[in-house]
$ cat input_35.cif   # mmCIF, C-alpha atoms and all ligand atoms
data_input
#
loop_
_atom_site.label_atom_id
_atom_site.label_comp_id
_atom_site.auth_asym_id
_atom_site.auth_seq_id
_atom_site.Cartn_x
_atom_site.Cartn_y
_atom_site.Cartn_z
CA MET A 1420 -19.44 2.64 6.32
CA GLY A 1421 -19.50 5.87 8.35
CA LEU A 1422 -15.92 5.34 9.53
CA LEU A 1423 -14.26 8.39 7.99
CA ASP A 1424 -14.15 10.38 11.25
CA ALA A 1425 -12.69 7.44 13.17
CA VAL A 1426 -10.06 6.86 10.49
CA MET A 1427 -9.21 10.56 10.31
CA THR A 1428 -8.74 10.65 14.10
CA HIS A 1429 -5.74 8.37 13.73
CA GLY A 1430 -4.49 8.80 10.18
CA VAL A 1431 -2.33 11.55 8.70
CA ARG A 1432 -3.30 13.35 5.53
CA ILE A 1433 -0.57 12.92 2.96
CA GLN A 1434 -0.57 15.69 0.37
CA ARG A 1435 2.58 14.94 -1.55
CA LEU A 1436 4.66 12.01 -2.79
CA TYR A 1437 8.26 13.05 -3.17
CA GLY A 1438 11.28 10.95 -4.11
CA GLU A 1439 14.79 12.16 -4.90
CA THR A 1440 18.25 10.82 -5.57
CA VAL A 1441 20.99 11.11 -2.94
CA HIS A 1442 22.15 14.18 -4.87
CA GLY A 1443 18.79 15.90 -4.41
CA ARG A 1444 17.55 15.42 -7.96
CA PRO A 1445 13.75 14.95 -7.92
CA VAL A 1446 12.53 11.68 -9.40
CA MET A 1447 8.91 11.85 -8.29
CA ASP A 1448 6.99 14.89 -7.14
CA MET A 1449 3.24 14.42 -7.07
CA ARG A 1450 0.53 16.27 -5.21
CA TYR A 1451 -2.91 14.74 -4.94
CA ALA A 1452 -4.42 18.23 -5.08
CA ASP A 1453 -3.30 18.51 -8.71
CA LEU A 1454 -5.86 15.82 -9.44
CA ASP A 1455 -8.64 17.28 -7.31
CA HIS A 1456 -8.25 19.81 -4.52
CA ARG A 1457 -10.30 17.58 -2.17
CA LEU A 1458 -8.05 14.54 -2.48
CA PHE A 1459 -5.33 13.41 -0.14
CA GLY A 1460 -3.65 10.16 0.82
CA LEU A 1461 -4.06 8.79 4.33
CA GLY A 1462 -1.05 7.48 6.21
CA LEU A 1463 -2.51 4.95 8.65
CA GLN A 1464 -1.11 2.20 10.87
CA ARG A 1465 -2.44 -1.30 10.22
CA GLY A 1466 -3.36 -1.50 13.91
CA ALA A 1467 -5.50 1.65 13.61
CA LEU A 1468 -7.30 0.39 10.52
CA PHE A 1469 -7.94 -3.01 12.11
CA SER A 1470 -9.23 -1.41 15.35
CA VAL A 1471 -11.62 0.88 13.49
CA LEU A 1472 -12.98 -1.98 11.38
CA ASP A 1473 -13.17 -4.29 14.40
CA ALA A 1474 -15.14 -1.74 16.45
CA ALA A 1475 -17.58 -1.27 13.55
CA TRP A 1476 -18.51 -4.96 13.37
CA ARG A 1477 -19.66 -6.36 16.68
CA SER A 1478 -23.20 -7.59 16.15
CA GLY A 1479 -23.81 -11.07 14.87
CA ARG A 1480 -20.21 -12.05 14.45
CA MET A 1481 -18.42 -15.15 15.61
CA LEU A 1482 -14.70 -14.65 15.56
CA HIS A 1483 -12.25 -17.51 15.94
CA ALA A 1484 -8.86 -15.83 16.36
CA GLY A 1485 -5.49 -17.52 16.38
CA ARG A 1486 -6.46 -20.33 13.98
CA ALA A 1487 -4.67 -21.06 10.72
CA ILE A 1488 -6.99 -22.37 8.03
CA VAL A 1489 -5.26 -25.06 6.00
CA THR A 1490 -7.88 -26.09 3.44
CA VAL A 1491 -11.18 -24.94 2.07
CA ASP A 1492 -13.51 -27.24 0.18
CA PRO A 1493 -15.18 -25.12 -2.52
CA ALA A 1494 -18.00 -27.61 -3.11
CA THR A 1495 -19.16 -27.85 0.51
CA GLY A 1496 -17.85 -24.60 2.03
CA ILE A 1497 -16.14 -26.54 4.85
CA LEU A 1498 -12.85 -25.27 6.29
CA ALA A 1499 -10.19 -27.25 8.10
CA ASP A 1500 -7.82 -25.57 10.55
CA SER A 1501 -4.32 -26.51 11.67
CA ASP A 1502 -5.68 -28.28 14.78
CA GLY A 1503 -7.55 -30.62 12.47
CA LYS A 1504 -10.91 -29.06 13.38
CA GLN A 1505 -13.56 -28.46 10.74
CA GLN A 1506 -15.75 -25.36 10.46
CA GLY A 1507 -18.87 -24.96 8.36
CA PRO A 1508 -20.44 -25.73 5.99
CA TYR A 1509 -20.75 -22.07 4.90
CA ASP A 1510 -22.73 -20.53 2.03
CA LEU A 1511 -19.73 -18.46 1.06
CA VAL A 1512 -16.08 -18.52 2.14
CA ILE A 1513 -14.11 -15.32 1.52
CA VAL A 1514 -10.41 -16.10 1.37
CA ALA A 1515 -8.32 -13.10 2.46
CA ASP A 1516 -5.05 -14.67 3.60
CA GLY A 1517 -2.72 -12.18 1.92
CA SER A 1518 0.00 -12.25 -0.69
CA ALA A 1519 1.58 -15.58 0.34
CA SER A 1520 -1.88 -17.16 0.40
CA GLY A 1521 -1.81 -20.91 0.89
CA LEU A 1522 -5.56 -21.11 0.26
CA ARG A 1523 -5.78 -19.60 -3.22
CA GLN A 1524 -4.76 -23.03 -4.57
CA CYS A 1525 -8.14 -24.29 -3.39
CA VAL A 1526 -9.73 -22.01 -5.98
CA ALA A 1527 -7.37 -22.45 -8.91
CA ARG A 1528 -3.74 -22.75 -9.90
CA PRO A 1529 -2.25 -19.24 -10.27
CA ARG A 1530 -1.37 -18.17 -13.81
CA LEU A 1531 1.67 -16.43 -12.37
CA ASP A 1532 3.01 -16.62 -8.81
CA ARG A 1533 6.57 -15.53 -8.13
CA PRO A 1534 8.27 -13.63 -5.34
CA PHE A 1535 10.03 -10.39 -6.23
CA PRO A 1536 13.79 -10.76 -5.78
CA TRP A 1537 13.84 -7.72 -3.48
CA GLY A 1538 11.78 -6.80 -0.44
CA ALA A 1539 11.88 -4.33 2.44
CA LEU A 1540 12.72 -4.08 6.11
CA TRP A 1541 10.43 -1.73 7.97
CA CYS A 1542 9.45 -0.47 11.41
CA LEU A 1543 7.49 2.30 13.09
CA VAL A 1544 9.45 5.21 14.57
CA PRO A 1545 8.19 8.25 16.53
CA GLN A 1546 7.45 11.22 14.27
CA ALA A 1547 9.00 13.61 16.84
CA ARG A 1548 10.40 16.63 14.97
CA TRP A 1549 10.23 15.24 11.46
CA VAL A 1550 9.38 18.17 9.21
CA TRP A 1551 7.82 16.52 6.16
CA ASN A 1552 4.77 15.48 8.09
CA ASP A 1553 2.29 15.51 5.20
CA GLU A 1554 4.51 13.79 2.64
CA LEU A 1555 5.62 10.33 1.68
CA ARG A 1556 9.39 10.85 1.16
CA GLN A 1557 11.87 8.50 -0.46
CA ARG A 1558 15.58 8.67 -1.32
CA TYR A 1559 17.30 6.54 -3.90
CA LEU A 1560 20.85 5.48 -4.67
CA LYS A 1561 20.57 3.85 -8.08
CA ALA A 1562 18.13 0.98 -7.60
CA ARG A 1563 20.32 -0.64 -4.94
CA ARG A 1564 19.17 1.58 -2.14
CA MET A 1565 15.75 2.99 -1.43
CA VAL A 1566 14.80 4.42 1.92
CA GLY A 1567 11.45 5.95 2.79
CA MET A 1568 9.44 7.62 5.52
CA LEU A 1569 5.66 7.82 5.67
CA PRO A 1570 3.85 9.56 8.55
CA VAL A 1571 1.14 7.13 9.76
CA GLY A 1572 -0.37 8.89 12.81
CA THR A 1573 -1.56 7.21 15.98
CA ARG A 1574 -3.55 4.12 16.91
CA PRO A 1575 -5.99 3.34 19.73
CA GLY A 1576 -4.03 3.02 22.98
CA ASP A 1577 -0.95 4.81 21.58
CA ASP A 1578 -1.12 8.59 21.15
CA ILE A 1579 2.43 8.98 19.84
CA PRO A 1580 2.37 9.99 16.16
CA ARG A 1581 4.57 7.59 14.26
CA MET A 1582 6.16 7.10 10.87
CA SER A 1583 6.76 4.03 8.83
CA PHE A 1584 10.47 3.71 7.98
CA PHE A 1585 11.38 1.34 5.17
CA TRP A 1586 14.68 0.13 3.76
CA SER A 1587 14.88 -1.81 0.53
CA VAL A 1588 17.00 -5.00 0.47
CA PRO A 1589 17.54 -8.05 -1.72
CA ALA A 1590 15.76 -11.23 -0.63
CA GLU A 1591 18.95 -12.84 0.75
CA VAL A 1592 19.44 -9.93 3.19
CA LEU A 1593 15.80 -10.25 4.25
CA ALA A 1594 16.50 -13.87 5.12
CA LYS A 1595 19.83 -13.23 6.92
CA GLY A 1596 19.00 -9.90 8.62
CA ILE A 1597 21.45 -7.06 9.24
CA HIS A 1598 24.41 -8.00 11.45
CA ASP A 1599 26.91 -5.21 10.87
CA VAL A 1600 24.92 -2.56 12.71
CA ALA A 1601 27.53 0.24 12.54
CA THR A 1602 27.93 -0.08 8.76
CA TRP A 1603 24.18 -0.14 8.32
CA HIS A 1604 23.75 3.09 10.29
CA ARG A 1605 26.51 4.70 8.23
CA ASP A 1606 24.78 3.57 5.06
CA VAL A 1607 21.48 5.14 6.12
CA ALA A 1608 23.22 8.37 7.16
CA ASP A 1609 25.07 8.62 3.82
CA ILE A 1610 21.84 8.25 1.89
CA TRP A 1611 19.55 10.32 4.07
CA PRO A 1612 20.97 12.11 7.14
CA GLU A 1613 17.54 13.33 8.35
CA ALA A 1614 16.11 9.81 8.31
CA SER A 1615 19.20 8.56 10.12
CA ALA A 1616 18.69 11.22 12.81
CA SER A 1617 15.12 9.95 13.36
CA LEU A 1618 16.51 6.50 14.18
CA GLN A 1619 18.93 7.70 16.86
CA GLY A 1620 18.32 6.14 20.26
CA LEU A 1621 16.02 3.48 18.81
CA ASP A 1622 16.71 -0.24 18.69
CA VAL A 1623 17.05 -0.40 14.90
CA PRO A 1624 17.94 -2.40 12.89
CA ALA A 1625 16.97 -5.05 15.51
CA THR A 1626 13.30 -4.00 15.35
CA LEU A 1627 13.05 -4.05 11.56
CA THR A 1628 10.46 -6.47 10.21
CA PRO A 1629 11.06 -8.25 6.89
CA ALA A 1630 8.45 -8.00 4.13
CA ARG A 1631 8.57 -9.89 0.83
CA TYR A 1632 6.29 -9.22 -2.07
CA ARG A 1633 4.83 -11.52 -4.68
CA ASP A 1634 3.53 -11.05 -8.16
CA CYS A 1635 0.48 -13.28 -8.39
CA VAL A 1636 -2.12 -13.39 -11.14
CA MET A 1637 -4.98 -15.85 -10.74
CA GLN A 1638 -6.80 -17.59 -13.60
CA THR A 1639 -10.02 -17.16 -11.72
CA TRP A 1640 -10.98 -15.57 -8.44
CA PHE A 1641 -13.78 -17.91 -7.39
CA ARG A 1642 -14.89 -21.49 -7.45
CA ASP A 1643 -18.24 -22.76 -6.19
CA ARG A 1644 -18.61 -21.26 -2.69
CA VAL A 1645 -15.12 -19.80 -2.34
CA VAL A 1646 -14.00 -16.35 -3.46
CA LEU A 1647 -10.65 -14.56 -3.20
CA ILE A 1648 -10.20 -10.98 -2.08
CA GLY A 1649 -7.28 -8.59 -1.49
CA ASP A 1650 -3.71 -9.78 -1.89
CA ALA A 1651 -4.87 -13.40 -2.01
CA ALA A 1652 -6.55 -12.53 -5.32
CA HIS A 1653 -3.95 -10.17 -6.75
CA SER A 1654 -0.71 -9.66 -4.91
CA MET A 1655 1.78 -7.19 -6.36
CA SER A 1656 4.74 -5.14 -5.21
CA PRO A 1657 3.74 -2.22 -2.95
CA GLN A 1658 5.54 0.27 -5.23
CA LEU A 1659 2.30 2.09 -6.04
CA GLY A 1660 1.01 2.07 -2.44
CA GLN A 1661 -2.39 0.77 -3.53
CA GLY A 1662 -2.71 -2.66 -1.86
CA VAL A 1663 -4.99 -1.59 0.98
CA ASN A 1664 -7.12 0.57 -1.31
CA MET A 1665 -7.54 -2.31 -3.71
CA ALA A 1666 -8.42 -4.79 -0.95
CA LEU A 1667 -11.04 -2.40 0.46
CA MET A 1668 -12.47 -1.80 -3.00
CA ASP A 1669 -12.68 -5.58 -3.53
CA ALA A 1670 -14.67 -5.84 -0.31
CA ARG A 1671 -17.06 -3.08 -1.31
CA THR A 1672 -17.61 -4.49 -4.80
CA LEU A 1673 -18.18 -7.97 -3.39
CA ARG A 1674 -20.75 -6.56 -0.96
CA ASP A 1675 -22.53 -4.71 -3.77
CA THR A 1676 -22.61 -7.64 -6.17
CA LEU A 1677 -23.87 -10.03 -3.47
CA ARG A 1678 -26.87 -7.71 -3.09
CA LEU A 1679 -27.84 -8.10 -6.75
CA GLU A 1680 -30.34 -10.58 -8.12
CA GLY A 1681 -29.02 -13.82 -9.59
CA SER A 1682 -27.18 -16.99 -8.63
CA LEU A 1683 -24.09 -16.95 -6.43
CA GLN A 1684 -21.95 -17.87 -9.45
CA GLN A 1685 -23.33 -14.93 -11.43
CA LYS A 1686 -22.64 -12.54 -8.57
CA LEU A 1687 -19.10 -13.78 -8.01
CA SER A 1688 -18.42 -13.64 -11.73
CA ARG A 1689 -19.53 -10.02 -11.84
CA TYR A 1690 -17.42 -9.16 -8.79
CA ALA A 1691 -14.32 -10.71 -10.35
CA HIS A 1692 -14.94 -9.09 -13.72
CA GLU A 1693 -15.33 -5.61 -12.24
CA ARG A 1694 -12.32 -5.81 -9.98
CA ARG A 1695 -10.00 -7.41 -12.54
CA GLY A 1696 -10.88 -4.65 -14.98
CA HIS A 1697 -9.74 -2.06 -12.45
CA LEU A 1698 -6.67 -3.89 -11.18
CA ALA A 1699 -4.93 -4.94 -14.36
CA ILE A 1700 -3.13 -1.66 -14.91
CA TYR A 1701 -1.83 -1.57 -11.32
CA HIS A 1702 -0.44 -5.04 -11.77
CA PHE A 1703 1.21 -3.99 -15.00
CA TRP A 1704 2.85 -0.85 -13.63
CA SER A 1705 3.95 -2.33 -10.32
CA ARG A 1706 5.64 -5.20 -12.19
CA TRP A 1707 7.51 -2.86 -14.53
CA LEU A 1708 8.35 -0.11 -12.06
CA THR A 1709 9.67 -2.26 -9.21
CA PRO A 1710 13.05 -3.12 -10.84
CA LEU A 1711 13.64 0.59 -11.47
CA PHE A 1712 13.63 1.12 -7.70
CA GLN A 1713 14.70 -2.25 -6.32
CA SER A 1714 17.30 -4.19 -8.28
CA ASP A 1715 21.01 -4.37 -9.16
CA ARG A 1716 20.40 -2.86 -12.58
CA VAL A 1717 22.64 0.00 -13.66
CA MET A 1718 21.05 1.65 -16.71
CA ALA A 1719 17.39 1.41 -15.67
CA PRO A 1720 17.73 3.67 -12.59
CA ARG A 1721 19.81 6.15 -14.61
CA ILE A 1722 17.02 6.45 -17.14
CA ARG A 1723 14.60 6.76 -14.22
CA ASP A 1724 16.61 9.65 -12.77
CA TRP A 1725 16.77 11.49 -16.10
CA LEU A 1726 13.26 10.92 -17.37
CA PHE A 1727 10.78 10.25 -14.59
CA HIS A 1728 10.38 13.72 -13.27
CA PRO A 1729 10.23 15.54 -16.63
CA LEU A 1730 7.80 12.95 -18.04
CA SER A 1731 5.55 13.23 -15.01
CA ARG A 1732 5.22 16.96 -15.67
CA LEU A 1733 3.80 16.51 -19.16
CA PRO A 1734 0.05 17.19 -19.18
CA GLY A 1735 -1.11 13.67 -20.23
CA GLY A 1736 1.47 11.79 -18.17
CA ARG A 1737 0.85 13.75 -15.01
CA GLY A 1738 -2.90 13.06 -14.83
CA GLN A 1739 -2.43 9.36 -15.50
CA THR A 1740 0.40 9.01 -12.94
CA LEU A 1741 -1.64 10.82 -10.31
CA ARG A 1742 -4.69 8.68 -10.96
CA ILE A 1743 -2.61 5.54 -10.62
CA LEU A 1744 -1.17 6.78 -7.33
CA ALA A 1745 -4.68 7.67 -6.13
CA GLY A 1746 -6.27 4.40 -7.24
CA THR A 1747 -8.67 6.06 -9.69
CA GLN A 1748 -7.16 4.97 -13.01
CA HIS A 1749 -9.32 2.43 -14.81
CA GLY A 1750 -7.65 0.56 -17.68
CA TRP A 1751 -5.33 2.58 -19.93
CA PHE A 1752 -7.67 5.45 -20.64
CA GLY A 1753 -10.54 5.28 -18.16
CA LYS A 1754 -11.14 6.99 -14.83
CA LEU A 1755 -12.90 5.64 -11.79
CA ALA A 1756 -15.47 8.20 -10.69
CA LEU A 1757 -15.52 8.86 -6.96
CA ALA A 1758 -18.99 9.30 -5.43
CA PRO A 1759 -19.86 12.98 -4.83
CA ALA A 1760 -20.93 12.12 -1.26
CA PHE A 1761 -17.48 10.67 -0.60
CA LEU A 1762 -15.72 13.72 -2.04
CA GLY A 1763 -17.96 15.99 0.05
CA ALA A 1764 -17.16 14.01 3.19
CA ILE A 1765 -13.40 14.17 2.70
CA GLU A 1766 -13.62 17.88 1.90
CA ARG A 1767 -15.31 18.40 5.27
CA ALA A 1768 -12.70 16.19 6.93
CA GLN A 1769 -9.96 18.44 5.48
CA ALA A 1770 -11.45 21.35 7.42
CA ASN A 1771 -11.01 19.58 10.80
CA PRO A 1772 -7.52 18.12 10.94
CA PRO A 1773 -6.71 15.98 14.00
CA ALA A 1774 -4.40 17.47 16.62
CA HIS A 1775 -1.48 15.16 15.86
CA GLU A 1776 -1.16 16.70 12.39
CA ALA A 1777 0.19 20.02 13.70
CA ALA A 1778 3.56 20.70 12.07
CA PRO A 1779 6.60 21.32 14.26
CA GLU A 1780 7.92 24.87 13.95
CA THR A 1781 11.05 24.54 11.87
CA PRO A 1782 12.36 27.59 10.04
CA GLY A 1783 14.41 25.65 7.54
CA ARG A 1784 11.65 23.35 6.35
CA ALA A 1785 12.71 22.17 2.94
CA SER A 1786 9.29 22.00 1.38
CA THR A 1787 5.75 22.96 2.11
CA THR A 1788 2.67 22.03 0.22
CA THR A 1789 0.48 24.62 -1.44
CA CYS A 1790 -2.58 22.43 -1.10
CA ALA A 1791 -2.33 21.72 2.61
CA ARG A 1792 -5.63 23.04 3.93
CA ASP A 1793 -7.02 24.58 0.81
CA PRO A 1794 -10.28 23.84 -0.87
CA MET A 1795 -5.15 14.39 -0.10
CA ALA A 1796 -1.01 5.27 3.63
CA ASP A 1797 -0.99 1.74 3.57
C1 LIG A 1801 6.65 -3.32 2.83
C2 LIG A 1801 5.19 -3.13 2.39
C3 LIG A 1801 4.70 -1.84 2.28
C4 LIG A 1801 3.38 -1.63 1.87
N1 LIG A 1801 2.93 -0.35 1.77
C5 LIG A 1801 1.67 -0.14 1.39
C6 LIG A 1801 1.15 1.19 1.31
O1 LIG A 1801 1.84 2.17 1.57
N2 LIG A 1801 -0.14 1.35 0.94
C7 LIG A 1801 -0.95 0.29 0.65
O2 LIG A 1801 -2.12 0.49 0.33
N3 LIG A 1801 -0.49 -0.97 0.71
C8 LIG A 1801 0.79 -1.21 1.06
N4 LIG A 1801 1.26 -2.49 1.13
C9 LIG A 1801 0.39 -3.58 0.67
C10 LIG A 1801 -0.66 -3.95 1.74
O3 LIG A 1801 -0.02 -4.23 2.99
C11 LIG A 1801 -1.44 -5.16 1.27
O4 LIG A 1801 -1.86 -4.96 -0.07
C12 LIG A 1801 -2.67 -5.36 2.14
O5 LIG A 1801 -2.28 -5.57 3.49
C13 LIG A 1801 -3.50 -6.52 1.62
O6 LIG A 1801 -4.51 -6.79 2.54
P1 LIG A 1801 -5.07 -8.26 2.71
O7 LIG A 1801 -6.13 -8.15 3.76
O8 LIG A 1801 -5.44 -8.82 1.39
O9 LIG A 1801 -3.86 -9.16 3.23
P2 LIG A 1801 -3.00 -9.02 4.60
O10 LIG A 1801 -3.05 -7.64 5.11
O11 LIG A 1801 -1.66 -9.63 4.29
O12 LIG A 1801 -3.81 -9.94 5.61
C14 LIG A 1801 -3.84 -11.34 5.49
C15 LIG A 1801 -4.23 -11.89 6.85
O13 LIG A 1801 -4.50 -13.29 6.72
C16 LIG A 1801 -3.90 -13.97 7.81
N5 LIG A 1801 -3.63 -15.33 7.35
C17 LIG A 1801 -2.66 -15.74 6.47
N6 LIG A 1801 -2.74 -17.06 6.28
C18 LIG A 1801 -3.78 -17.51 7.03
C19 LIG A 1801 -4.35 -18.78 7.25
N7 LIG A 1801 -3.88 -19.89 6.64
N8 LIG A 1801 -5.40 -18.89 8.11
C20 LIG A 1801 -5.90 -17.79 8.73
N9 LIG A 1801 -5.39 -16.54 8.56
C21 LIG A 1801 -4.35 -16.41 7.73
C22 LIG A 1801 -2.65 -13.18 8.12
O14 LIG A 1801 -2.23 -13.41 9.46
C23 LIG A 1801 -3.13 -11.74 7.90
O15 LIG A 1801 -3.72 -11.23 9.05
C24 LIG A 1801 2.55 -2.74 1.56
C25 LIG A 1801 3.05 -4.04 1.66
C26 LIG A 1801 4.36 -4.23 2.07
C27 LIG A 1801 4.88 -5.67 2.19
#
$ encode --input "input_35.cif" --output "structure tokens"
Amino acid sequence: MGLLDAVMTHGVRIQRLYGETVHGRPVMDMRYADLDHRLFGLGLQRGALFSVLDAAWRSGRMLHAGRAIVTVDPATGILADSDGKQQGPYDLVIVADGSASGLRQCVARPRLDRPFPWGALWCLVPQARWVWNDELRQRYLKARRMVGMLPVGTRPGDDIPRMSFFWSVPAEVLAKGIHDVATWHRDVADIWPEASASLQGLDVPATLTPARYRDCVMQTWFRDRVVLIGDAAHSMSPQLGQGVNMALMDARTLRDTLRLEGSLQQKLSRYAHERRGHLAIYHFWSRWLTPLFQSDRVMAPRIRDWLFHPLSRLPGGRGQTLRILAGTQHGWFGKLALAPAFLGAIERAQANPPAHEAAPETPGRASTTTCARDPMAD
């Protein structure tokens, strides 16, 4: 789409995914460069992604903002909004209303649709003098506590580099919120003093936003003139950090299949077939991994702490884990080939990092990456 430069202007290249216990024992230590030296993750604010996409699509669009769509008629392509107004008929309706989609029912009854019993509270905080500025970092206390920081750069109209702070909680805490502020701050400091220091002077936990996740598997992704895309088609826990990637890949595949010869039903069938083939393994792993990081279980996180890191260093396991974390695993044994032109473009982007990526000078930096500027977000 020619948007790489614009996205790189705001995003932060993430080279490493690192998670450890409160005692400093590594549980996850992955570098995208071990998969391919050109690869990196991109920490990006939703607002930045939306602005870049919005600016790229101006001609020929009619945007009705601030309307909730309540029903879609697959046979006619007519939508009804919450004011009782009808829109359409349309040749094709792309339903992209996220993980708690109320519209997916218009396509089919989900085969599985259940909320995870845990979720997260999150907010953006200034990056300031945070030292791990090219890493996603997490700390764990059993599976009861998980806290993370992900540098996510800037967004149009806000030049302050920021990080996404997230704090794992059971669903009932999400609903009630955090009232004992002093205890909460002590909790964060006990688990991760550096993260706690980054919150000083900020209005947290008041500014934390609740996020629940769902595990939803649809029987079918389309019906007549309506097709599902993104989390509406396949919501899962964000444990693997692949939701945005998958939604964007859905969009690209849908575009490509709509350009093929054939009937609309044939095109939508091909789109769904291709994307389901890619997604199934992400669904599987996110479902099985989430309780190891977010639950009240006792043994499962112990096994995680003993085995995860050693297993991820075995030759076969390492490649597969990295591909899953990069979105390029296909099925159990396949790989998704990235286009050479794309790899060339991100290699060139590596050579020109945006100004906000400059690391603060800190002598005691705990870890540096070997792949930083050598020849890889939500
Ligand atoms: C805590 C958390 C952390 C995450 N971290 C990551 C990460 O690091 N990396 C990553 O790739 N993904 C991450 N994800 C997942 C990612 O956010 C989603 O996979 C992604 O946003 C899905 O995009 P989407 O467009 O399908 O849905 P959404 O981004 O949820 O967008 C749905 C849109 O539809 C609108 N909408 C809903 N109902 C209606 C209606 N009835 N009418 C009109 N509009 C409607 C909503 O307002 C919203 O704007 C995370 C998710 C959570 C909860």
$ residues_near_ligand --input "input_35.cif" --ligand "ligand LIG 1801 (chain A)" --cutoff "8 Å" --atoms "only C-alpha atoms and all ligand atoms" --output "VMD selection string"
chain A and resid 1462 1465 1485 to 1489 1500 1515 to 1522 1538 to 1541 1569 1585 1629 to 1632 1648 to 1652 1654 to 1666 1796 to 1797
$ closest_residue --input "input_35.cif" --among "A:His1429, A:His1653, A:His1483, A:Arg1530" --to "Arg1695 (chain A)" --atoms "all atoms listed in the file"
A:His1653
$ atom_distance --input "input_35.cif" --atom1 "CA of Gln1505 (chain A)" --atom2 "CA of Pro1529 (chain A)"
25.6 Å
$ residues_around --input "input_35.cif" --residues "Leu1498 (chain A)" --least-positions-apart "4" --cutoff "9 Å" --atoms "all atoms listed in the file" --output "number ranges by chain"
A: 1488-1492, 1504-1509, 1512
$ atom_distance --input "input_35.cif" --atom1 "CA of Pro1575 (chain A)" --atom2 "CA of Leu1543 (chain A)"
15.1 Å
$ atom_distance --input "input_35.cif" --atom1 "CA of Arg1556 (chain A)" --atom2 "CA of Asp1453 (chain A)"
17.8 Å
$ residues_around --input "input_35.cif" --residues "Gly1438 (chain A)" --least-positions-apart "4" --cutoff "8 Å" --atoms "all atoms listed in the file" --output "list of chain:residue names"
A:Pro1445, A:Val1446, A:Met1447, A:Asp1448, A:Arg1556, A:Gln1557, A:Arg1558, A:Tyr1559
$ closest_residue --input "input_35.cif" --among "A:Val1544, A:Ala1745, A:Ala1758, A:Ala1452" --to "Ser1615 (chain A)" --atoms "all atoms listed in the file"
A:Val1544
$ residues_around --input "input_35.cif" --residues "Leu1708 (chain A)" --least-positions-apart "3" --cutoff "10 Å" --atoms "all atoms listed in the file" --output "MDAnalysis selection string"
chainID A and resid 1656 1658:1659 1703:1705 1711:1713 1719 1723
$ closest_residue --input "input_35.cif" --among "A:Ala1616, A:Val1645, A:Met1637, A:Val1607" --to "Leu1511 (chain A)" --atoms "only C-alpha atoms"
A:Val1645
$ residues_around --input "input_35.cif" --residues "Gln1748 (chain A)" --least-positions-apart "4" --cutoff "12 Å" --atoms "all atoms listed in the file" --output "list in words"
Leu1454, Gln1661, Met1665, Gly1696, His1697, Leu1698, Ala1699, Ile1700, Tyr1701, Trp1704, Gly1738, Gln1739, Thr1740, Leu1741, Arg1742, Ile1743, Leu1744, Phe1752, Gly1753, Lys1754, Leu1755, Ala1756 and Leu1757 of chain A
$ residues_around --input "input_35.cif" --residues "Arg1581 (chain A)" --least-positions-apart "3" --cutoff "6 Å" --atoms "only C-alpha atoms" --output "list in words"
Val1544, Pro1545, Gln1546, Val1571 and Gly1572 of chain A
$ closest_residue --input "input_35.cif" --among "A:Met1718, A:Ala1425, A:Cys1525, A:Met1568" --to "Ile1513 (chain A)" --atoms "all atoms listed in the file"
A:Cys1525
$ closest_residue --input "input_35.cif" --among "A:Trp1640, A:Ala1691, A:Cys1542, A:Lys1561" --to "Leu1621 (chain A)" --atoms "all atoms listed in the file"
A:Cys1542
$ closest_residue --input "input_35.cif" --among "A:Trp1537, A:Arg1432, A:Ala1499, A:Arg1548" --to "Leu1463 (chain A)" --atoms "all atoms listed in the file"
A:Arg1432
$ closest_atom_pairs --input "input_35.cif" --of "region 1547-1641 of chain A" --to "region 1470-1476 of chain A" --cutoff "12 Å" --atoms "all atoms listed in the file" --output "Markdown table"
| residue | atom | partner | partner_atom | distance |
| --- | --- | --- | --- | --- |
| A:Thr1573 | CA | A:Ser1470 | CA | 11.6 |
| A:Arg1574 | CA | A:Ser1470 | CA | 8.1 |
| A:Pro1575 | CA | A:Ser1470 | CA | 7.2 |
| A:Gly1576 | CA | A:Ser1470 | CA | 10.2 |
